[in-house]
Amino acid sequence: MAETLSMYMQVYKQKRAVFESLKLFRTWYPDVPISIFSDNGDDFSEVAKAFDATYVPSDMRTVVGPELRTGNLMNLDGIYELFRRVYQHCVSVDTDWVVFISSGTRTLRRIRSFPTTAHVGARTNSFSPELTDHLVRKFGEKMYVYGTSGGGMVNRLAWIQAYENNRDLEEYVQYDPGVALYSDLAMNLMMFINDFEYSVWDEISEIHHMSAPIIRDSAFDHGYKYWYDREWDDRLLEAYKFRTVKDFDERYL
């Protein structure tokens with residue numbers, strides 16, 4: 001039986017970039033379940049409706065401090081809220097896998113080969129040496145790394161099991177402050193402490209990475225910022241609805 005997919009997206013601003021990312025995803029996956037979670041930013045309800053997605057508004061902002069072009073800073077409360085939102089998506093669908101799509105993720109084609117581990121990403125980034133040593137002492141020798149950014153995936157049932165079993169990361173912040181700052185680090189850590197393996201997945205590229213691009217024939221490309229800070233116009237939704245650009249001013253194409 002073919003493996004099944006659903007999509008999780010968290011949104012704040014950048015409505016044009018979100019729209020273009022969803023448009024590409026729906027080109028290749030017209031029918032899979034999508035959940036769009038607001039991070040207490042702009043109203044994306046009409047965008048979600050256009051793409052037949054479930055929209056979940058929130059008055060809680062998970063991101064704190066300066067927002068970086070390459071990632072967002074959070075705190076541990078924000079990390080836990082993100083975990084809860086992903087869990088909410090996971091229990092609302094019945095798919096094998098959940099892919100994390102961001103406003104800077106392009107979908108280039110359908111997936112040809114699904115992962116062989118419970119969570120995957122484009123590359124391996126290292127935990128701090130102190131956190132790695134602590135994990136080795138507590139759980140044994142493994143490759144403790146992280147990298148589940150846009151285009152990354154988790155096994156849906158594995159996430160549910162991990163979330164319900166142990167999502168407490170308080171113990172680990174003292175060994176690596178990034179646990180409370182970076183969502184991909186925290187997500188991978190939660191999976192590790194619940195004995196789920198991570199691996200690099202060749203279906204993700206990072207062609208536009210500023211310092212270390214990854215160029216692959218991939219289903220997803222993370223880090224595409226072309227549509228960031230572009231003007232938004234509600235007529236885009238109408239054009240998408242009818243799959244036409246008739247009577248559109250060229251600047252909106």
# chains A, B, ... in the order shown; residues from 1 in each chain; ligands from 1
>>> closest_atom_pairs(of="segment 75-108 of chain A", to="segment 51-56 of chain A", cutoff="12 Å", atoms="only C-alpha atoms", output="CSV")
residue,atom,partner,partner_atom,distance
A:Arg85,CA,A:Val56,CA,9.1
A:Val86,CA,A:Val56,CA,11.5
A:Gln88,CA,A:Val56,CA,10.0
A:His89,CA,A:Thr54,CA,9.4
A:Ser92,CA,A:Thr54,CA,10.1
A:Val93,CA,A:Thr54,CA,10.9
>>> write_last_selection(atoms="all heavy atoms", output="mmCIF file, in the first residue's frame")
data_model
loop_
_atom_site.group_PDB
_atom_site.id
_atom_site.type_symbol
_atom_site.label_atom_id
_atom_site.label_comp_id
_atom_site.auth_asym_id
_atom_site.auth_seq_id
_atom_site.Cartn_x
_atom_site.Cartn_y
_atom_site.Cartn_z
ATOM 1 N N ARG A 85 0.710 21.977 18.714
ATOM 2 C CA ARG A 85 0.050 22.205 17.431
ATOM 3 C C ARG A 85 0.319 21.061 16.462
ATOM 4 O O ARG A 85 -0.589 20.614 15.749
ATOM 5 C CB ARG A 85 0.521 23.535 16.838
ATOM 6 C CG ARG A 85 0.047 24.752 17.623
ATOM 7 C CD ARG A 85 0.660 26.043 17.080
ATOM 8 N NE ARG A 85 0.320 27.191 17.921
ATOM 9 C CZ ARG A 85 0.758 28.416 17.728
ATOM 10 N NH1 ARG A 85 1.580 28.686 16.701
ATOM 11 N NH2 ARG A 85 0.398 29.402 18.530
ATOM 12 N N VAL A 86 1.559 20.602 16.407
ATOM 13 C CA VAL A 86 1.871 19.470 15.534
ATOM 14 C C VAL A 86 1.091 18.242 15.990
ATOM 15 O O VAL A 86 0.542 17.491 15.168
ATOM 16 C CB VAL A 86 3.388 19.187 15.519
ATOM 17 C CG1 VAL A 86 3.689 17.929 14.699
ATOM 18 C CG2 VAL A 86 4.148 20.376 14.945
ATOM 19 N N GLN A 88 -1.783 18.262 17.546
ATOM 20 C CA GLN A 88 -3.181 18.488 17.166
ATOM 21 C C GLN A 88 -3.407 18.105 15.706
ATOM 22 O O GLN A 88 -4.424 17.496 15.366
ATOM 23 C CB GLN A 88 -3.558 19.949 17.395
ATOM 24 C CG GLN A 88 -5.018 20.268 17.096
ATOM 25 C CD GLN A 88 -5.363 21.720 17.403
ATOM 26 O OE1 GLN A 88 -4.686 22.393 18.198
ATOM 27 N NE2 GLN A 88 -6.420 22.231 16.774
ATOM 28 N N HIS A 89 -2.477 18.481 14.847
ATOM 29 C CA HIS A 89 -2.597 18.061 13.446
ATOM 30 C C HIS A 89 -2.537 16.550 13.333
ATOM 31 O O HIS A 89 -3.349 15.941 12.622
ATOM 32 C CB HIS A 89 -1.485 18.686 12.606
ATOM 33 C CG HIS A 89 -1.386 18.099 11.233
ATOM 34 N ND1 HIS A 89 -2.242 18.435 10.205
ATOM 35 C CD2 HIS A 89 -0.544 17.152 10.718
ATOM 36 C CE1 HIS A 89 -1.944 17.731 9.116
ATOM 37 N NE2 HIS A 89 -0.909 16.957 9.407
ATOM 38 N N SER A 92 -5.592 14.690 14.104
ATOM 39 C CA SER A 92 -6.761 15.070 13.301
ATOM 40 C C SER A 92 -6.757 14.417 11.920
ATOM 41 O O SER A 92 -7.745 14.534 11.186
ATOM 42 C CB SER A 92 -6.824 16.592 13.139
ATOM 43 O OG SER A 92 -5.797 17.056 12.265
ATOM 44 N N VAL A 93 -5.648 13.775 11.555
ATOM 45 C CA VAL A 93 -5.538 13.166 10.231
ATOM 46 C C VAL A 93 -5.204 11.690 10.378
ATOM 47 O O VAL A 93 -4.916 11.208 11.477
ATOM 48 C CB VAL A 93 -4.454 13.869 9.367
ATOM 49 C CG1 VAL A 93 -4.820 15.320 9.124
ATOM 50 C CG2 VAL A 93 -3.075 13.752 10.013
#
>>> closest_atom_pairs(of="segment 172-235 of chain A", to="segment 76-82 of chain A", cutoff="9 Å", atoms="only C-alpha atoms", output="JSON lines")
{"residue": "A:Val173", "atom": "CA", "partner": "A:Leu76", "partner_atom": "CA", "distance": 8.9}
{"residue": "A:Val179", "atom": "CA", "partner": "A:Leu76", "partner_atom": "CA", "distance": 7.6}
{"residue": "A:Ala180", "atom": "CA", "partner": "A:Leu76", "partner_atom": "CA", "distance": 4.5}
{"residue": "A:Leu181", "atom": "CA", "partner": "A:Leu76", "partner_atom": "CA", "distance": 7.2}
{"residue": "A:Tyr182", "atom": "CA", "partner": "A:Ile79", "partner_atom": "CA", "distance": 8.0}
{"residue": "A:Ser183", "atom": "CA", "partner": "A:Ile79", "partner_atom": "CA", "distance": 6.3}
{"residue": "A:Ala186", "atom": "CA", "partner": "A:Ile79", "partner_atom": "CA", "distance": 7.1}
{"residue": "A:Met187", "atom": "CA", "partner": "A:Ile79", "partner_atom": "CA", "distance": 8.3}
>>> residues_around(residues="Phe127 of chain A", least_positions_apart="3", cutoff="12 Å", atoms="only C-alpha atoms", output="PyMOL selection string")
chain A and resi 124+130-136+143-147+172-173+175-179+182+184-186+188-189+192
>>> atom_distance(atom1="atom CA of Asp43 of chain A", atom2="atom CA of Val63 of chain A")
17.0 Å
>>> closest_atom_pairs(of="segment 76-143 of chain A", to="segment 217-231 of chain A", cutoff="7 Å", atoms="only C-alpha atoms", output="JSON lines")
{"residue": "A:Gly104", "atom": "CA", "partner": "A:Tyr224", "partner_atom": "CA", "distance": 4.7}
{"residue": "A:Thr105", "atom": "CA", "partner": "A:His222", "partner_atom": "CA", "distance": 4.6}
{"residue": "A:Arg106", "atom": "CA", "partner": "A:Asp221", "partner_atom": "CA", "distance": 5.0}
{"residue": "A:Thr107", "atom": "CA", "partner": "A:Phe220", "partner_atom": "CA", "distance": 4.6}
{"residue": "A:Leu108", "atom": "CA", "partner": "A:Ala219", "partner_atom": "CA", "distance": 5.1}
{"residue": "A:Arg109", "atom": "CA", "partner": "A:Ala219", "partner_atom": "CA", "distance": 4.7}
{"residue": "A:Arg110", "atom": "CA", "partner": "A:Ala219", "partner_atom": "CA", "distance": 5.6}
{"residue": "A:Ile111", "atom": "CA", "partner": "A:Ala219", "partner_atom": "CA", "distance": 5.3}
>>> write_last_selection(atoms="N, CA, C and O atoms", output="tab-separated table (two decimals), in the first residue's frame")
chain	number	residue	atom	x	y	z
A	104	GLY	N	8.92	29.58	2.96
A	104	GLY	CA	10.12	29.54	2.11
A	104	GLY	C	10.42	28.15	1.58
A	104	GLY	O	11.59	27.85	1.28
A	105	THR	N	9.40	27.31	1.45
A	105	THR	CA	9.60	25.95	0.94
A	105	THR	C	8.93	25.82	-0.42
A	105	THR	O	7.74	26.11	-0.56
A	106	ARG	N	9.67	25.36	-1.41
A	106	ARG	CA	9.11	25.06	-2.73
A	106	ARG	C	8.87	23.55	-2.85
A	106	ARG	O	9.70	22.76	-2.45
A	107	THR	N	7.73	23.17	-3.41
A	107	THR	CA	7.48	21.78	-3.76
A	107	THR	C	7.77	21.64	-5.25
A	107	THR	O	7.11	22.27	-6.08
A	108	LEU	N	8.75	20.82	-5.59
A	108	LEU	CA	9.24	20.72	-6.96
A	108	LEU	C	8.68	19.53	-7.72
A	108	LEU	O	8.63	19.55	-8.95
A	109	ARG	N	8.28	18.52	-7.01
A	109	ARG	CA	7.68	17.31	-7.61
A	109	ARG	C	7.12	16.47	-6.48
A	109	ARG	O	7.21	16.83	-5.31
A	110	ARG	N	6.53	15.32	-6.82
A	110	ARG	CA	6.04	14.39	-5.81
A	110	ARG	C	7.21	13.61	-5.20
A	110	ARG	O	8.27	13.45	-5.83
A	111	ILE	N	7.01	13.12	-4.00
A	111	ILE	CA	8.01	12.30	-3.33
A	111	ILE	C	8.16	10.97	-4.07
A	111	ILE	O	7.17	10.32	-4.41
>>> select_by_dssp(residues="segment 73-149 of chain A", states="alpha helix (DSSP H)", output="list in words")
Leu76, Asp77, Gly78, Ile79, Tyr80, Glu81, Leu82, Phe83, Arg84, Arg85, Val86, Tyr87, Gln88, His89, Cys90, Val91, Ser92, Pro129, Glu130, Leu131, Thr132, Asp133, His134, Leu135, Val136, Arg137, Lys138 and Phe139 of chain A
>>> closest_residue(among="A:Ala122, A:Ala2, A:Leu169, A:Ala162", to="Glu206 of chain A", atoms="only C-alpha atoms")
A:Ala122
>>> atom_distance(atom1="atom CA of Phe114 of chain A", atom2="atom CA of Ser126 of chain A")
23.9 Å
>>> decode(residues="segment 17-156 of chain A", atoms="C-alpha atoms", output="PDB file, in the first residue's frame")
ATOM      1  CA  ALA A  17       5.121  33.832   0.184  1.00  0.00           C
ATOM      2  CA  VAL A  18       2.685  31.547   2.028  1.00  0.00           C
ATOM      3  CA  PHE A  19       0.301  31.682  -0.926  1.00  0.00           C
ATOM      4  CA  GLU A  20       3.017  30.790  -3.446  1.00  0.00           C
ATOM      5  CA  SER A  21       4.308  27.954  -1.272  1.00  0.00           C
ATOM      6  CA  LEU A  22       0.813  26.486  -0.926  1.00  0.00           C
ATOM      7  CA  LYS A  23       0.176  26.906  -4.634  1.00  0.00           C
ATOM      8  CA  LEU A  24       3.208  24.800  -5.498  1.00  0.00           C
ATOM      9  CA  PHE A  25       2.365  22.185  -2.888  1.00  0.00           C
ATOM     10  CA  ARG A  26      -1.195  21.832  -4.179  1.00  0.00           C
ATOM     11  CA  THR A  27       0.120  21.496  -7.745  1.00  0.00           C
ATOM     12  CA  TRP A  28       1.682  18.178  -6.770  1.00  0.00           C
ATOM     13  CA  TYR A  29      -0.567  17.189  -3.874  1.00  0.00           C
ATOM     14  CA  PRO A  30      -4.076  18.424  -4.666  1.00  0.00           C
ATOM     15  CA  ASP A  31      -5.925  16.279  -2.151  1.00  0.00           C
ATOM     16  CA  VAL A  32      -3.792  15.692   0.947  1.00  0.00           C
ATOM     17  CA  PRO A  33      -4.886  17.170   4.302  1.00  0.00           C
ATOM     18  CA  ILE A  34      -3.296  20.515   5.195  1.00  0.00           C
ATOM     19  CA  SER A  35      -3.370  22.252   8.585  1.00  0.00           C
ATOM     20  CA  ILE A  36      -2.393  25.925   8.753  1.00  0.00           C
ATOM     21  CA  PHE A  37      -1.735  27.204  12.277  1.00  0.00           C
ATOM     22  CA  SER A  38      -1.700  30.935  12.903  1.00  0.00           C
ATOM     23  CA  ASP A  39       1.074  32.283  15.124  1.00  0.00           C
ATOM     24  CA  ASN A  40      -0.983  35.320  16.148  1.00  0.00           C
ATOM     25  CA  GLY A  41      -0.085  37.270  13.019  1.00  0.00           C
ATOM     26  CA  ASP A  42      -2.060  38.106   9.886  1.00  0.00           C
ATOM     27  CA  ASP A  43      -5.416  36.499   9.139  1.00  0.00           C
ATOM     28  CA  PHE A  44      -4.831  33.570   6.773  1.00  0.00           C
ATOM     29  CA  SER A  45      -8.368  32.170   6.893  1.00  0.00           C
ATOM     30  CA  GLU A  46      -9.205  33.064   3.279  1.00  0.00           C
ATOM     31  CA  VAL A  47      -5.869  31.700   2.058  1.00  0.00           C
ATOM     32  CA  ALA A  48      -6.539  28.450   3.879  1.00  0.00           C
ATOM     33  CA  LYS A  49     -10.017  28.249   2.348  1.00  0.00           C
ATOM     34  CA  ALA A  50      -8.606  28.688  -1.152  1.00  0.00           C
ATOM     35  CA  PHE A  51      -6.354  25.680  -0.658  1.00  0.00           C
ATOM     36  CA  ASP A  52      -8.933  23.528   1.132  1.00  0.00           C
ATOM     37  CA  ALA A  53      -6.879  23.615   4.321  1.00  0.00           C
ATOM     38  CA  THR A  54      -7.893  23.552   7.963  1.00  0.00           C
ATOM     39  CA  TYR A  55      -7.122  26.906   9.554  1.00  0.00           C
ATOM     40  CA  VAL A  56      -6.411  27.139  13.283  1.00  0.00           C
ATOM     41  CA  PRO A  57      -6.145  30.724  14.633  1.00  0.00           C
ATOM     42  CA  SER A  58      -4.238  31.441  17.829  1.00  0.00           C
ATOM     43  CA  ASP A  59      -3.663  34.407  20.122  1.00  0.00           C
ATOM     44  CA  MET A  60      -0.313  32.965  21.238  1.00  0.00           C
ATOM     45  CA  ARG A  61       2.928  33.941  19.552  1.00  0.00           C
ATOM     46  CA  THR A  62       5.468  31.123  19.807  1.00  0.00           C
ATOM     47  CA  VAL A  63       8.376  33.178  18.454  1.00  0.00           C
ATOM     48  CA  VAL A  64      10.115  35.741  20.661  1.00  0.00           C
ATOM     49  CA  GLY A  65      13.091  38.032  20.221  1.00  0.00           C
ATOM     50  CA  PRO A  66      14.595  38.974  16.856  1.00  0.00           C
ATOM     51  CA  GLU A  67      13.299  37.051  13.859  1.00  0.00           C
ATOM     52  CA  LEU A  68      16.190  35.855  11.756  1.00  0.00           C
ATOM     53  CA  ARG A  69      16.104  35.436   7.984  1.00  0.00           C
ATOM     54  CA  THR A  70      17.307  31.855   8.389  1.00  0.00           C
ATOM     55  CA  GLY A  71      15.167  30.862  11.355  1.00  0.00           C
ATOM     56  CA  ASN A  72      13.145  32.096  14.311  1.00  0.00           C
ATOM     57  CA  LEU A  73      14.090  32.444  17.954  1.00  0.00           C
ATOM     58  CA  MET A  74      11.627  30.952  20.409  1.00  0.00           C
ATOM     59  CA  ASN A  75      11.412  30.167  24.117  1.00  0.00           C
ATOM     60  CA  LEU A  76      10.538  26.888  25.804  1.00  0.00           C
ATOM     61  CA  ASP A  77       6.850  27.828  26.154  1.00  0.00           C
ATOM     62  CA  GLY A  78       6.809  28.518  22.421  1.00  0.00           C
ATOM     63  CA  ILE A  79       8.509  25.195  21.741  1.00  0.00           C
ATOM     64  CA  TYR A  80       5.878  23.356  23.770  1.00  0.00           C
ATOM     65  CA  GLU A  81       3.081  25.184  21.967  1.00  0.00           C
ATOM     66  CA  LEU A  82       4.579  24.193  18.630  1.00  0.00           C
ATOM     67  CA  PHE A  83       4.738  20.580  19.804  1.00  0.00           C
ATOM     68  CA  ARG A  84       1.072  20.794  20.812  1.00  0.00           C
ATOM     69  CA  ARG A  85       0.050  22.205  17.431  1.00  0.00           C
ATOM     70  CA  VAL A  86       1.871  19.470  15.534  1.00  0.00           C
ATOM     71  CA  TYR A  87       0.229  16.923  17.828  1.00  0.00           C
ATOM     72  CA  GLN A  88      -3.181  18.488  17.166  1.00  0.00           C
ATOM     73  CA  HIS A  89      -2.597  18.061  13.446  1.00  0.00           C
ATOM     74  CA  CYS A  90      -1.376  14.494  13.882  1.00  0.00           C
ATOM     75  CA  VAL A  91      -4.447  13.348  15.793  1.00  0.00           C
ATOM     76  CA  SER A  92      -6.761  15.070  13.301  1.00  0.00           C
ATOM     77  CA  VAL A  93      -5.538  13.166  10.231  1.00  0.00           C
ATOM     78  CA  ASP A  94      -4.928   9.554   9.280  1.00  0.00           C
ATOM     79  CA  THR A  95      -1.720   9.626   7.255  1.00  0.00           C
ATOM     80  CA  ASP A  96       1.637   7.910   7.551  1.00  0.00           C
ATOM     81  CA  TRP A  97       3.748  11.056   7.322  1.00  0.00           C
ATOM     82  CA  VAL A  98       3.573  14.775   8.109  1.00  0.00           C
ATOM     83  CA  VAL A  99       5.663  17.166   6.019  1.00  0.00           C
ATOM     84  CA  PHE A 100       6.530  20.606   7.414  1.00  0.00           C
ATOM     85  CA  ILE A 101       6.124  23.261   4.734  1.00  0.00           C
ATOM     86  CA  SER A 102       7.075  26.881   5.407  1.00  0.00           C
ATOM     87  CA  SER A 103       6.605  30.095   3.467  1.00  0.00           C
ATOM     88  CA  GLY A 104      10.117  29.538   2.110  1.00  0.00           C
ATOM     89  CA  THR A 105       9.597  25.955   0.937  1.00  0.00           C
ATOM     90  CA  ARG A 106       9.107  25.058  -2.728  1.00  0.00           C
ATOM     91  CA  THR A 107       7.478  21.782  -3.762  1.00  0.00           C
ATOM     92  CA  LEU A 108       9.240  20.724  -6.960  1.00  0.00           C
ATOM     93  CA  ARG A 109       7.680  17.315  -7.614  1.00  0.00           C
ATOM     94  CA  ARG A 110       6.042  14.390  -5.805  1.00  0.00           C
ATOM     95  CA  ILE A 111       8.011  12.297  -3.326  1.00  0.00           C
ATOM     96  CA  ARG A 112       9.653   9.288  -4.952  1.00  0.00           C
ATOM     97  CA  SER A 113      11.086   7.630  -1.860  1.00  0.00           C
ATOM     98  CA  PHE A 114       9.673   7.961   1.647  1.00  0.00           C
ATOM     99  CA  PRO A 115      11.947   8.031   4.711  1.00  0.00           C
ATOM    100  CA  THR A 116      13.282   4.969   6.510  1.00  0.00           C
ATOM    101  CA  THR A 117      13.564   6.713   9.913  1.00  0.00           C
ATOM    102  CA  ALA A 118      10.907   8.429  12.030  1.00  0.00           C
ATOM    103  CA  HIS A 119      12.145  11.978  11.404  1.00  0.00           C
ATOM    104  CA  VAL A 120      14.197  13.436   8.584  1.00  0.00           C
ATOM    105  CA  GLY A 121      15.666  16.672   7.281  1.00  0.00           C
ATOM    106  CA  ALA A 122      17.951  18.135   4.658  1.00  0.00           C
ATOM    107  CA  ARG A 123      21.211  18.009   6.596  1.00  0.00           C
ATOM    108  CA  THR A 124      22.833  17.292   9.956  1.00  0.00           C
ATOM    109  CA  ASN A 125      23.507  20.080  12.431  1.00  0.00           C
ATOM    110  CA  SER A 126      25.269  19.321  15.696  1.00  0.00           C
ATOM    111  CA  PHE A 127      23.934  19.730  19.202  1.00  0.00           C
ATOM    112  CA  SER A 128      26.374  21.326  21.610  1.00  0.00           C
ATOM    113  CA  PRO A 129      29.134  18.964  22.806  1.00  0.00           C
ATOM    114  CA  GLU A 130      27.674  19.192  26.326  1.00  0.00           C
ATOM    115  CA  LEU A 131      24.208  18.121  25.190  1.00  0.00           C
ATOM    116  CA  THR A 132      25.604  15.360  22.998  1.00  0.00           C
ATOM    117  CA  ASP A 133      27.657  14.004  25.922  1.00  0.00           C
ATOM    118  CA  HIS A 134      24.608  14.108  28.183  1.00  0.00           C
ATOM    119  CA  LEU A 135      22.485  12.225  25.632  1.00  0.00           C
ATOM    120  CA  VAL A 136      25.193   9.586  25.167  1.00  0.00           C
ATOM    121  CA  ARG A 137      25.426   9.061  28.938  1.00  0.00           C
ATOM    122  CA  LYS A 138      21.650   8.807  29.268  1.00  0.00           C
ATOM    123  CA  PHE A 139      20.609   6.976  26.095  1.00  0.00           C
ATOM    124  CA  GLY A 140      23.758   5.472  24.627  1.00  0.00           C
ATOM    125  CA  GLU A 141      25.825   6.113  21.532  1.00  0.00           C
ATOM    126  CA  LYS A 142      23.825   7.456  18.565  1.00  0.00           C
ATOM    127  CA  MET A 143      24.177  10.153  15.935  1.00  0.00           C
ATOM    128  CA  TYR A 144      22.539  13.021  17.841  1.00  0.00           C
ATOM    129  CA  VAL A 145      21.965  15.712  15.218  1.00  0.00           C
ATOM    130  CA  TYR A 146      19.106  17.862  13.991  1.00  0.00           C
ATOM    131  CA  GLY A 147      17.786  19.381  10.792  1.00  0.00           C
ATOM    132  CA  THR A 148      13.995  19.048  10.456  1.00  0.00           C
ATOM    133  CA  SER A 149      13.309  22.378   8.736  1.00  0.00           C
ATOM    134  CA  GLY A 150      10.998  23.144   5.802  1.00  0.00           C
ATOM    135  CA  GLY A 151      10.478  19.990   3.764  1.00  0.00           C
ATOM    136  CA  GLY A 152      11.376  17.815   6.736  1.00  0.00           C
ATOM    137  CA  MET A 153       9.023  15.065   7.820  1.00  0.00           C
ATOM    138  CA  VAL A 154       7.999  13.034  10.834  1.00  0.00           C
ATOM    139  CA  ASN A 155       6.175   9.760  11.053  1.00  0.00           C
ATOM    140  CA  ARG A 156       2.737  10.748  12.348  1.00  0.00           C
TER     141      ARG A 156
END
